[in-house]
$ cat protein.cif   # mmCIF, C-alpha atoms
data_data
loop_
_atom_site.label_atom_id
_atom_site.label_comp_id
_atom_site.auth_asym_id
_atom_site.auth_seq_id
_atom_site.Cartn_x
_atom_site.Cartn_y
_atom_site.Cartn_z
CA MET A 1 -68.11 18.63 -49.99
CA LYS A 2 -64.69 19.94 -51.05
CA ALA A 3 -62.66 17.51 -53.13
CA VAL A 4 -59.46 16.29 -51.52
CA ARG A 5 -56.32 16.29 -53.65
CA TRP A 6 -53.55 14.04 -52.33
CA LEU A 7 -49.92 15.11 -52.45
CA TRP A 8 -47.80 12.00 -52.02
CA VAL A 9 -44.58 12.64 -50.17
CA ALA A 10 -41.56 10.37 -50.13
CA VAL A 11 -40.18 10.03 -46.62
CA VAL A 12 -36.41 10.36 -46.31
CA VAL A 13 -35.04 9.51 -42.88
CA ILE A 14 -31.45 10.17 -41.85
CA THR A 15 -30.59 7.50 -39.31
CA GLY A 16 -29.16 8.85 -36.08
CA SER A 17 -27.34 6.59 -33.66
CA ALA A 18 -25.41 9.18 -31.64
CA ARG A 19 -27.12 10.05 -28.37
CA GLY A 20 -24.35 11.77 -26.45
CA ASP A 21 -24.03 8.73 -24.20
CA ASP A 22 -20.90 7.38 -25.87
CA PRO A 23 -19.38 4.72 -23.58
CA ALA A 24 -16.03 6.47 -24.09
CA PHE A 25 -17.36 9.10 -21.68
CA SER A 26 -17.47 7.30 -18.35
CA ARG A 27 -19.04 10.32 -16.61
CA GLY A 28 -21.17 11.52 -19.54
CA ILE A 29 -24.89 11.55 -20.35
CA PRO A 30 -26.60 8.56 -18.65
CA ARG A 31 -26.64 5.55 -20.96
CA ASP A 32 -29.94 4.27 -19.55
CA ASP A 33 -32.47 4.04 -22.40
CA SER A 34 -35.09 5.54 -20.08
CA PHE A 35 -33.13 8.83 -19.88
CA PHE A 36 -33.74 11.46 -22.53
CA PRO A 37 -32.12 14.88 -21.88
CA VAL A 38 -34.73 17.56 -21.16
CA ALA A 39 -33.03 20.71 -19.90
CA VAL A 40 -33.43 24.35 -18.94
CA TRP A 41 -30.96 27.08 -19.87
CA LEU A 42 -29.15 29.14 -17.21
CA GLN A 43 -31.65 28.87 -14.39
CA SER A 44 -31.17 29.32 -10.66
CA THR A 45 -30.65 26.05 -8.83
CA SER A 46 -33.08 27.31 -6.18
CA ASN A 47 -35.82 26.31 -8.65
CA ALA A 48 -34.37 22.87 -9.38
CA GLU A 49 -37.12 20.96 -7.57
CA LYS A 50 -39.83 23.00 -9.31
CA TYR A 51 -38.27 22.20 -12.66
CA ARG A 52 -37.97 18.54 -11.71
CA ASP A 53 -41.69 18.53 -10.98
CA ILE A 54 -42.46 19.54 -14.59
CA GLY A 55 -40.18 16.89 -16.04
CA ILE A 56 -36.81 18.63 -16.38
CA ASN A 57 -33.81 16.37 -15.71
CA THR A 58 -30.84 18.55 -16.73
CA TYR A 59 -29.53 22.09 -16.27
CA VAL A 60 -27.42 23.69 -18.99
CA ALA A 61 -25.15 26.54 -17.80
CA LEU A 62 -24.84 27.83 -14.24
CA TRP A 63 -24.52 31.47 -13.25
CA ARG A 64 -21.02 31.95 -11.83
CA GLY A 65 -20.80 28.24 -11.24
CA PRO A 66 -20.49 25.50 -10.59
CA THR A 67 -20.33 25.97 -6.86
CA GLU A 68 -20.71 23.30 -4.22
CA GLU A 69 -24.02 24.83 -3.17
CA GLN A 70 -25.36 24.70 -6.74
CA LEU A 71 -24.31 21.09 -7.23
CA ASP A 72 -25.81 20.09 -3.88
CA ALA A 73 -29.13 21.70 -4.87
CA LEU A 74 -29.10 19.86 -8.19
CA ASP A 75 -28.32 16.59 -6.42
CA ARG A 76 -31.27 17.04 -4.08
CA ALA A 77 -33.52 17.48 -7.13
CA GLY A 78 -31.98 14.54 -9.00
CA MET A 79 -30.70 16.86 -11.75
CA ARG A 80 -27.71 16.54 -14.04
CA VAL A 81 -25.82 19.58 -15.29
CA VAL A 82 -23.84 20.74 -18.34
CA CYS A 83 -21.60 23.62 -17.28
CA GLY A 84 -18.49 25.56 -18.17
CA GLN A 85 -15.11 24.12 -17.31
CA SER A 86 -12.84 26.27 -15.15
CA GLU A 87 -10.23 25.67 -12.47
CA ARG A 88 -13.00 25.83 -9.90
CA ALA A 89 -15.20 23.51 -11.92
CA LEU A 90 -12.42 20.93 -12.18
CA ARG A 91 -12.40 20.68 -8.39
CA PHE A 92 -15.72 18.87 -8.83
CA VAL A 93 -14.53 16.52 -11.56
CA GLU A 94 -15.48 13.45 -9.49
CA ARG A 95 -19.08 14.54 -8.97
CA PRO A 96 -21.48 12.59 -11.22
CA THR A 97 -23.87 15.57 -11.25
CA ILE A 98 -21.77 17.08 -14.07
CA VAL A 99 -22.45 15.09 -17.25
CA ALA A 100 -20.90 17.40 -19.86
CA TRP A 101 -18.84 20.56 -20.26
CA MET A 102 -19.73 23.47 -22.51
CA HIS A 103 -18.19 26.33 -24.46
CA GLY A 104 -19.34 29.90 -23.99
CA ASP A 105 -22.71 30.57 -25.62
CA GLU A 106 -23.14 31.44 -29.34
CA PRO A 107 -19.52 31.97 -30.43
CA ASP A 108 -20.82 32.15 -34.03
CA ASN A 109 -22.48 35.52 -33.32
CA ALA A 110 -20.72 38.90 -33.46
CA GLN A 111 -18.96 39.42 -30.13
CA SER A 112 -19.37 42.56 -28.05
CA LEU A 113 -16.30 44.74 -27.74
CA PRO A 114 -15.12 46.14 -24.38
CA ASN A 115 -16.23 49.54 -23.09
CA GLY A 116 -19.40 49.57 -25.20
CA ARG A 117 -17.52 49.93 -28.47
CA GLY A 118 -20.00 47.87 -30.44
CA TYR A 119 -19.44 44.43 -31.91
CA GLY A 120 -16.54 42.65 -33.50
CA PRO A 121 -16.54 39.47 -35.56
CA PRO A 122 -17.61 36.06 -34.25
CA ILE A 123 -15.08 33.89 -32.48
CA LEU A 124 -13.07 32.03 -35.09
CA PRO A 125 -14.05 28.37 -35.51
CA SER A 126 -10.38 27.44 -35.05
CA LYS A 127 -10.49 29.00 -31.56
CA ILE A 128 -13.50 26.86 -30.67
CA VAL A 129 -11.72 23.73 -31.88
CA GLU A 130 -8.63 24.70 -29.89
CA GLY A 131 -10.76 25.32 -26.78
CA TYR A 132 -12.50 21.98 -27.25
CA ARG A 133 -9.19 20.15 -27.26
CA LYS A 134 -8.16 21.85 -24.04
CA ILE A 135 -11.46 20.96 -22.35
CA ARG A 136 -11.10 17.33 -23.42
CA GLU A 137 -7.48 17.21 -22.28
CA ALA A 138 -8.47 18.48 -18.83
CA ASP A 139 -11.27 15.90 -18.54
CA PRO A 140 -11.65 13.22 -21.22
CA THR A 141 -14.45 11.49 -19.28
CA ARG A 142 -17.21 13.90 -20.33
CA PRO A 143 -18.50 15.20 -23.70
CA VAL A 144 -18.44 18.87 -24.66
CA LEU A 145 -21.59 20.73 -25.73
CA LEU A 146 -21.44 23.68 -28.12
CA ASN A 147 -24.50 25.93 -28.37
CA LEU A 148 -24.70 27.98 -31.56
CA GLY A 149 -27.00 30.84 -32.55
CA GLN A 150 -29.80 31.26 -35.03
CA GLY A 151 -27.42 31.45 -37.97
CA VAL A 152 -27.57 27.65 -37.92
CA ALA A 153 -31.09 27.83 -39.35
CA TRP A 154 -31.14 31.34 -40.86
CA ASP A 155 -28.29 32.36 -43.16
CA GLY A 156 -29.46 35.99 -43.15
CA TRP A 157 -29.16 36.47 -39.37
CA GLN A 158 -27.44 39.83 -39.13
CA GLY A 159 -26.29 39.06 -35.60
CA ARG A 160 -23.35 37.24 -37.15
CA GLY A 161 -21.93 40.57 -38.30
CA VAL A 162 -19.28 40.15 -40.97
CA ARG A 163 -20.02 36.40 -41.16
CA THR A 164 -23.71 36.82 -42.02
CA ASN A 165 -24.58 34.54 -44.96
CA HIS A 166 -21.57 32.31 -44.33
CA PRO A 167 -23.04 28.93 -43.33
CA GLU A 168 -19.80 27.25 -44.39
CA ASP A 169 -18.33 28.29 -41.00
CA TYR A 170 -20.46 25.77 -39.16
CA ARG A 171 -18.78 22.56 -40.26
CA GLU A 172 -15.56 23.79 -38.65
CA TYR A 173 -17.33 25.03 -35.50
CA LEU A 174 -18.81 21.56 -35.10
CA GLU A 175 -15.37 19.99 -34.99
CA GLY A 176 -15.15 21.66 -31.58
CA CYS A 177 -17.80 19.65 -29.74
CA ASP A 178 -19.28 16.25 -28.99
CA ILE A 179 -22.89 17.51 -28.69
CA ALA A 180 -24.19 20.23 -31.04
CA SER A 181 -26.96 22.60 -29.94
CA PHE A 182 -28.54 25.74 -31.38
CA ASP A 183 -31.32 28.23 -30.75
CA ILE A 184 -33.88 30.01 -32.90
CA TYR A 185 -37.21 31.25 -31.52
CA PRO A 186 -39.70 31.79 -34.35
CA ALA A 187 -42.89 32.06 -32.28
CA SER A 188 -41.68 35.20 -30.49
CA HIS A 189 -39.37 36.44 -33.24
CA ASP A 190 -39.55 40.13 -34.24
CA ARG A 191 -38.37 39.68 -37.84
CA ALA A 192 -40.94 38.96 -40.54
CA GLU A 193 -38.59 36.51 -42.24
CA ILE A 194 -38.81 34.18 -39.21
CA ALA A 195 -41.83 35.21 -37.12
CA GLY A 196 -44.37 32.41 -36.80
CA LYS A 197 -42.42 30.06 -39.08
CA LEU A 198 -41.94 27.23 -36.62
CA TRP A 199 -40.28 25.05 -39.24
CA TYR A 200 -37.03 26.93 -38.73
CA VAL A 201 -36.50 24.80 -35.59
CA PRO A 202 -36.41 21.43 -37.42
CA LEU A 203 -34.48 23.06 -40.28
CA GLY A 204 -31.70 23.84 -37.82
CA VAL A 205 -31.75 20.28 -36.53
CA ASP A 206 -31.50 18.97 -40.09
CA ARG A 207 -28.56 21.23 -40.90
CA LEU A 208 -26.60 20.31 -37.78
CA ARG A 209 -27.13 16.63 -38.51
CA GLU A 210 -25.95 17.15 -42.07
CA TRP A 211 -22.91 19.23 -41.07
CA THR A 212 -21.82 16.64 -38.48
CA GLU A 213 -22.55 13.79 -40.90
CA ASP A 214 -24.87 12.50 -38.18
CA ARG A 215 -21.88 11.57 -36.02
CA LYS A 216 -22.84 13.78 -33.09
CA PRO A 217 -26.10 14.21 -31.19
CA VAL A 218 -28.03 17.42 -31.83
CA TRP A 219 -29.99 19.24 -29.12
CA ALA A 220 -32.51 22.00 -29.84
CA CYS A 221 -33.32 25.06 -27.73
CA ILE A 222 -37.05 25.79 -27.45
CA GLU A 223 -38.68 29.11 -26.48
CA THR A 224 -41.26 29.23 -23.68
CA THR A 225 -41.86 32.99 -23.16
CA ARG A 226 -42.14 36.23 -25.10
CA ILE A 227 -38.38 36.75 -24.47
CA SER A 228 -38.16 40.44 -25.54
CA ASN A 229 -41.22 40.71 -27.76
CA GLU A 230 -43.84 42.78 -25.94
CA GLN A 231 -46.47 42.12 -28.63
CA THR A 232 -46.13 38.38 -29.19
CA ALA A 233 -45.37 35.47 -26.90
CA SER A 234 -44.95 31.81 -27.72
CA THR A 235 -48.06 29.76 -26.97
CA PRO A 236 -48.24 26.30 -25.35
CA ALA A 237 -49.38 24.83 -28.67
CA GLN A 238 -46.42 26.37 -30.51
CA VAL A 239 -43.98 25.04 -27.93
CA ARG A 240 -45.43 21.55 -28.29
CA SER A 241 -45.06 21.79 -32.06
CA GLU A 242 -41.47 23.03 -31.88
CA VAL A 243 -40.44 20.26 -29.47
CA TRP A 244 -41.96 17.48 -31.55
CA MET A 245 -40.75 18.91 -34.86
CA ALA A 246 -37.24 18.88 -33.42
CA LEU A 247 -37.61 15.33 -32.14
CA ILE A 248 -39.14 14.04 -35.36
CA HIS A 249 -36.20 15.53 -37.25
CA GLY A 250 -33.76 13.73 -34.99
CA ALA A 251 -32.97 15.94 -31.99
CA LYS A 252 -31.51 13.89 -29.11
CA GLY A 253 -32.06 16.50 -26.42
CA ILE A 254 -34.28 19.52 -25.65
CA ILE A 255 -33.24 22.72 -23.86
CA TYR A 256 -36.01 25.11 -22.81
CA PHE A 257 -35.21 28.84 -22.80
CA CYS A 258 -37.12 30.21 -19.80
CA HIS A 259 -36.08 33.88 -19.49
CA GLU A 260 -38.36 36.82 -20.19
CA PHE A 261 -36.69 40.23 -20.58
CA LYS A 262 -39.63 42.50 -21.45
CA PRO A 263 -41.83 44.12 -20.29
CA ARG A 264 -39.92 43.13 -17.12
CA PHE A 265 -37.18 40.65 -16.36
CA ILE A 266 -38.28 37.23 -15.14
CA GLU A 267 -35.56 34.60 -14.98
CA ALA A 268 -37.98 31.69 -14.51
CA GLY A 269 -40.56 32.94 -16.99
CA LEU A 270 -41.64 29.39 -17.76
CA LEU A 271 -42.53 28.73 -14.12
CA ALA A 272 -44.32 32.08 -13.88
CA ASP A 273 -46.72 31.13 -16.70
CA ALA A 274 -49.06 28.47 -15.31
CA ALA A 275 -50.51 27.46 -18.69
CA MET A 276 -47.07 27.12 -20.27
CA ALA A 277 -45.73 25.18 -17.29
CA ARG A 278 -48.65 22.73 -17.53
CA GLU A 279 -48.04 22.18 -21.24
CA VAL A 280 -44.29 21.75 -20.81
CA ALA A 281 -44.97 19.24 -18.01
CA ALA A 282 -47.28 17.31 -20.36
CA ILE A 283 -44.71 17.38 -23.18
CA ASN A 284 -41.95 16.23 -20.84
CA GLY A 285 -44.15 13.50 -19.39
CA ARG A 286 -44.73 12.12 -22.87
CA ILE A 287 -41.01 12.31 -23.66
CA LYS A 288 -40.19 10.43 -20.45
CA GLU A 289 -42.79 7.78 -21.24
CA LEU A 290 -41.41 7.39 -24.76
CA ALA A 291 -37.72 7.76 -23.90
CA PRO A 292 -36.85 4.11 -24.69
CA VAL A 293 -38.60 4.57 -28.04
CA LEU A 294 -36.95 7.92 -28.80
CA ASN A 295 -33.55 6.47 -27.90
CA SER A 296 -34.02 3.53 -30.27
CA PRO A 297 -32.82 3.63 -33.90
CA ASP A 298 -35.03 5.09 -36.61
CA VAL A 299 -36.80 2.57 -38.81
CA VAL A 300 -36.43 3.56 -42.45
CA ASP A 301 -38.25 2.75 -45.66
CA VAL A 302 -41.36 1.38 -43.95
CA ALA A 303 -43.74 4.35 -43.99
CA THR A 304 -45.04 7.00 -46.34
CA VAL A 305 -47.39 9.91 -45.76
CA GLY A 306 -49.38 12.00 -48.19
CA SER A 307 -50.82 15.45 -47.50
CA SER A 308 -54.07 16.67 -49.04
CA ASN A 309 -52.71 20.23 -48.88
CA ALA A 310 -49.58 20.82 -50.96
CA GLU A 311 -48.82 23.90 -48.82
CA ALA A 312 -48.79 21.86 -45.59
CA PRO A 313 -46.50 18.84 -45.92
CA ILE A 314 -46.38 16.28 -43.14
CA ASP A 315 -43.10 14.94 -41.80
CA LEU A 316 -42.74 11.74 -39.82
CA MET A 317 -40.35 9.53 -37.89
CA VAL A 318 -40.81 5.80 -37.37
CA LYS A 319 -39.54 3.77 -34.41
CA ARG A 320 -40.07 0.18 -33.36
CA LYS A 321 -39.76 -1.07 -29.79
CA ASP A 322 -40.69 -4.48 -28.37
CA GLY A 323 -42.61 -5.38 -31.51
CA VAL A 324 -44.67 -2.17 -31.45
CA SER A 325 -44.39 0.48 -34.19
CA TYR A 326 -44.52 4.21 -33.46
CA VAL A 327 -45.19 6.81 -36.12
CA PHE A 328 -44.63 10.39 -34.92
CA ALA A 329 -46.00 12.96 -37.37
CA VAL A 330 -46.27 16.75 -37.60
CA SER A 331 -47.68 19.19 -40.11
CA MET A 332 -44.84 21.48 -41.13
CA ARG A 333 -46.81 24.62 -42.05
CA GLU A 334 -49.93 26.61 -41.24
CA GLY A 335 -53.17 25.43 -42.78
CA ALA A 336 -55.38 22.39 -42.36
CA THR A 337 -54.64 19.16 -44.16
CA THR A 338 -55.41 15.47 -44.07
CA GLY A 339 -52.63 12.92 -43.95
CA ARG A 340 -52.81 9.48 -45.49
CA PHE A 341 -50.33 7.07 -43.90
CA SER A 342 -49.07 3.70 -45.02
CA LEU A 343 -46.98 1.45 -42.76
CA LYS A 344 -45.39 -1.79 -43.87
CA GLY A 345 -46.09 -4.67 -41.51
CA ALA A 346 -49.36 -3.20 -40.26
CA GLU A 347 -51.54 -4.81 -42.93
CA GLY A 348 -53.29 -7.14 -40.47
CA GLY A 349 -54.17 -4.44 -37.95
CA LYS A 350 -57.58 -2.87 -37.35
CA GLU A 351 -56.80 0.40 -35.57
CA VAL A 352 -54.10 2.88 -34.64
CA GLU A 353 -53.87 4.41 -31.17
CA VAL A 354 -53.31 8.17 -31.08
CA LEU A 355 -51.25 8.83 -27.96
CA GLY A 356 -52.51 11.48 -25.57
CA GLU A 357 -55.71 12.12 -27.52
CA ASN A 358 -57.97 9.36 -26.12
CA ARG A 359 -58.90 8.11 -29.58
CA THR A 360 -58.06 5.60 -32.28
CA VAL A 361 -58.25 5.75 -36.06
CA ALA A 362 -59.24 2.92 -38.37
CA LEU A 363 -56.42 0.94 -39.98
CA GLU A 364 -57.13 -0.77 -43.29
CA ASN A 365 -54.51 -2.74 -45.22
CA GLY A 366 -51.76 -0.95 -43.32
CA SER A 367 -53.10 2.55 -44.08
CA TRP A 368 -54.99 5.23 -42.18
CA THR A 369 -56.00 8.88 -42.54
CA ASP A 370 -56.07 11.67 -39.99
CA ALA A 371 -56.72 15.42 -39.94
CA PHE A 372 -54.08 18.01 -39.01
CA GLU A 373 -54.38 21.69 -38.19
CA GLY A 374 -51.39 23.98 -38.78
CA TYR A 375 -48.24 22.64 -37.09
CA GLN A 376 -50.28 19.96 -35.31
CA VAL A 377 -48.58 16.85 -33.92
CA HIS A 378 -50.02 13.32 -33.79
CA LEU A 379 -48.20 10.42 -32.15
CA TYR A 380 -49.36 7.01 -33.33
CA ARG A 381 -48.79 3.59 -31.77
CA VAL A 382 -49.48 0.53 -33.93
CA ARG A 383 -49.46 -2.88 -32.26
CA ALA A 384 -49.01 -5.99 -34.38
CA GLY A 385 -52.30 -7.63 -35.22
CA GLU A 386 -54.45 -4.83 -33.76
#

$ encode --input "protein.cif" --output "structure tokens"
Amino acid sequence: MKAVRWLWVAVVVITGSARGDDPAFSRGIPRDDSFFPVAVWLQSTSNAEKYRDIGINTYVALWRGPTEEQLDALDRAGMRVVCGQSERALRFVERPTIVAWMHGDEPDNAQSLPNGRGYGPPILPSKIVEGYRKIREADPTRPVLLNLGQGVAWDGWQGRGVRTNHPEDYREYLEGCDIASFDIYPASHDRAEIAGKLWYVPLGVDRLREWTEDRKPVWACIETTRISNEQTASTPAQVRSEVWMALIHGAKGIIYFCHEFKPRFIEAGLLADAAMAREVAAINGRIKELAPVLNSPDVVDVATVGSSNAEAPIDLMVKRKDGVSYVFAVSMREGATTGRFSLKGAEGGKEVEVLGENRTVALENGSWTDAFEGYQVHLYRVRAGE
């Protein structure tokens, strides 16, 4: 039997209180603890009920909207929406369907020039801040979401043009929003620096939290298709890992990217893939079940985890709700490992429930061990005295 060498890891948790439901925004994100934003990006409202049925509760961006017909369709499905603010949009300022406004997408990337003349520099951060102030002046009752590109997580992203390798821009960009979002899609990425390295998703979450000094909620965009990669598509297991890595690192909202552009265009690529749709429904069902837990404050300095494989560290987040402790854990790299957990206050318990896996693990003196495959997620519930 192979000897197991334990790598003990100190757990550092950045507490995050901002959810995007600031009471200053009377028409903002619902403040109900049972609501956790789970969204799709730029999808037709004709599919709103289908998305509702797999656990989506929010749309982000509307094609040439909002229109009355789009908002009516979202209302029928019980959806909220984050959309661009325009003169037309402000006609609907009283409609509770709209819970936030947004900037144009990815202003931090190089911007296309008219008449096919290539690309110019990104939009200046100062312009985003100026635009944010105008949006807030027009409607101070809702927060403003800013979605940034993959430069958030990857300094070398050449799509930023002349601002490639300039992460210092982001602190100023983030002054122009109330909710910060970003996208990077490592499972279907075509660059070797990123491809398959799912940990770039939580890295981006960490950086946005750092750059906002944890004053603003961070949402993460998650891939669900091959996008434009004809050789490699994201898998259901990878999507589950990306979602939970983002949540464990403090994301307060999830946005699924559903488009597929190659080998043919499919707007609702997520819905067209039955296996992916089933997995996303399962992920969203678990998020909905755990929403009051996810919306509760992090509990710090009560848990540690060690990994038997130094190349596969395990990250965790601890929550406590109604006297029950939750330890959400994920392996951050490829490769099998075994995690050894220790939780203060669990010394009298006998077992730990592993959510969604129909099993328990033995708890002895507040500690337990469990096996992880590459990027695997385990969600533990520890009841006092059990």

$ atom_distance --input "protein.cif" --atom1 "atom CA of A:Tyr200" --atom2 "atom CA of A:Tyr375"
12.1 Å

$ closest_atom_pairs --input "protein.cif" --of "stretch 274-357 of chain A" --to "stretch 224-235 of chain A" --cutoff "12 Å" --atoms "only C-alpha atoms" --output "CSV"
residue,atom,partner,partner_atom,distance
A:Ala274,CA,A:Thr224,CA,11.5
A:Ala275,CA,A:Thr235,CA,8.9
A:Met276,CA,A:Thr224,CA,7.1
A:Ala277,CA,A:Thr224,CA,8.8
A:Arg278,CA,A:Thr224,CA,11.6
A:Glu279,CA,A:Thr235,CA,9.5
A:Val280,CA,A:Thr224,CA,8.6

$ resolve_selection --input "protein.cif" --expression "the PyMOL selection byres ((chain A and resi 164) around 12)" --output "ChimeraX atom specification"
/A:108-110,121-122,149-163,165-170

$ residues_around --input "protein.cif" --residues "stretch 319-322 of chain A" --least-positions-apart "4" --cutoff "8 Å" --atoms "all atoms listed in the file" --output "PyMOL selection string"
chain A and resi 292-294+296-299+326-327

$ atom_distance --input "protein.cif" --atom1 "atom CA of A:Glu357" --atom2 "atom CA of A:Asn295"
22.9 Å

$ residues_near_point --input "protein.cif" --point "(-42.1, 19.5, -31.7)" --cutoff "9 Å" --atoms "only C-alpha atoms" --output "list of chain:residue names"
A:Val201, A:Pro202, A:Gln238, A:Val239, A:Arg240, A:Ser241, A:Glu242, A:Val243, A:Trp244, A:Met245, A:Ala246, A:Leu247, A:Ile248, A:Val330, A:Tyr375, A:Gln376, A:Val377

$ closest_atom_pairs --input "protein.cif" --of "stretch 85-137 of chain A" --to "stretch 35-43 of chain A" --cutoff "12 Å" --atoms "only C-alpha atoms" --output "Markdown table"
| residue | atom | partner | partner_atom | distance |
| --- | --- | --- | --- | --- |
| A:Val99 | CA | A:Pro37 | CA | 10.7 |
| A:Ala100 | CA | A:Pro37 | CA | 11.7 |
| A:Gly104 | CA | A:Leu42 | CA | 11.9 |
| A:Asp105 | CA | A:Trp41 | CA | 10.6 |

$ resolve_selection --input "protein.cif" --expression "the PyMOL selection byres ((chain A and resi 71-85) around 6)" --output "list in words"
Ala48, Glu49, Asn57, Thr58, Tyr59, Val60, Ala61, Glu68, Glu69, Gln70, Ser86, Ala89, Thr97, Ile98, Val99, Ala100, Trp101 and Met102 of chain A

$ atom_distance --input "protein.cif" --atom1 "atom CA of A:Ala187" --atom2 "atom CA of A:Ile254"
16.6 Å

$ build_atoms --input "protein.cif" --residues "stretch 279-285 of chain A" --atoms "all heavy atoms" --output "mmCIF file, keeping the file's coordinate frame"
data_model
loop_
_atom_site.group_PDB
_atom_site.id
_atom_site.type_symbol
_atom_site.label_atom_id
_atom_site.label_comp_id
_atom_site.auth_asym_id
_atom_site.auth_seq_id
_atom_site.Cartn_x
_atom_site.Cartn_y
_atom_site.Cartn_z
ATOM 1 N N GLU A 279 -48.285 22.799 -19.940
ATOM 2 C CA GLU A 279 -48.040 22.180 -21.240
ATOM 3 C C GLU A 279 -46.643 21.574 -21.310
ATOM 4 O O GLU A 279 -46.470 20.457 -21.820
ATOM 5 C CB GLU A 279 -48.202 23.220 -22.356
ATOM 6 C CG GLU A 279 -47.993 22.651 -23.752
ATOM 7 C CD GLU A 279 -48.951 21.540 -24.104
ATOM 8 O OE1 GLU A 279 -50.143 21.613 -23.719
ATOM 9 O OE2 GLU A 279 -48.512 20.575 -24.753
ATOM 10 N N VAL A 280 -45.644 22.281 -20.802
ATOM 11 C CA VAL A 280 -44.290 21.750 -20.810
ATOM 12 C C VAL A 280 -44.221 20.477 -19.960
ATOM 13 O O VAL A 280 -43.554 19.505 -20.333
ATOM 14 C CB VAL A 280 -43.288 22.812 -20.321
ATOM 15 C CG1 VAL A 280 -41.920 22.195 -20.022
ATOM 16 C CG2 VAL A 280 -43.151 23.909 -21.373
ATOM 17 N N ALA A 281 -44.925 20.462 -18.830
ATOM 18 C CA ALA A 281 -44.970 19.240 -18.010
ATOM 19 C C ALA A 281 -45.579 18.085 -18.791
ATOM 20 O O ALA A 281 -45.104 16.947 -18.714
ATOM 21 C CB ALA A 281 -45.769 19.504 -16.735
ATOM 22 N N ALA A 282 -46.641 18.366 -19.558
ATOM 23 C CA ALA A 282 -47.280 17.310 -20.360
ATOM 24 C C ALA A 282 -46.350 16.823 -21.458
ATOM 25 O O ALA A 282 -46.239 15.610 -21.709
ATOM 26 C CB ALA A 282 -48.586 17.832 -20.944
ATOM 27 N N ILE A 283 -45.671 17.752 -22.133
ATOM 28 C CA ILE A 283 -44.710 17.380 -23.180
ATOM 29 C C ILE A 283 -43.609 16.505 -22.582
ATOM 30 O O ILE A 283 -43.263 15.440 -23.113
ATOM 31 C CB ILE A 283 -44.095 18.632 -23.824
ATOM 32 C CG1 ILE A 283 -45.153 19.442 -24.576
ATOM 33 C CG2 ILE A 283 -42.944 18.245 -24.761
ATOM 34 C CD1 ILE A 283 -44.687 20.839 -24.946
ATOM 35 N N ASN A 284 -43.057 16.959 -21.457
ATOM 36 C CA ASN A 284 -41.950 16.230 -20.840
ATOM 37 C C ASN A 284 -42.398 14.863 -20.325
ATOM 38 O O ASN A 284 -41.628 13.888 -20.384
ATOM 39 C CB ASN A 284 -41.359 17.047 -19.695
ATOM 40 C CG ASN A 284 -40.709 18.326 -20.174
ATOM 41 O OD1 ASN A 284 -40.437 18.491 -21.361
ATOM 42 N ND2 ASN A 284 -40.464 19.246 -19.261
ATOM 43 N N GLY A 285 -43.624 14.790 -19.825
ATOM 44 C CA GLY A 285 -44.150 13.500 -19.390
ATOM 45 C C GLY A 285 -44.231 12.508 -20.531
ATOM 46 O O GLY A 285 -43.907 11.321 -20.380
#
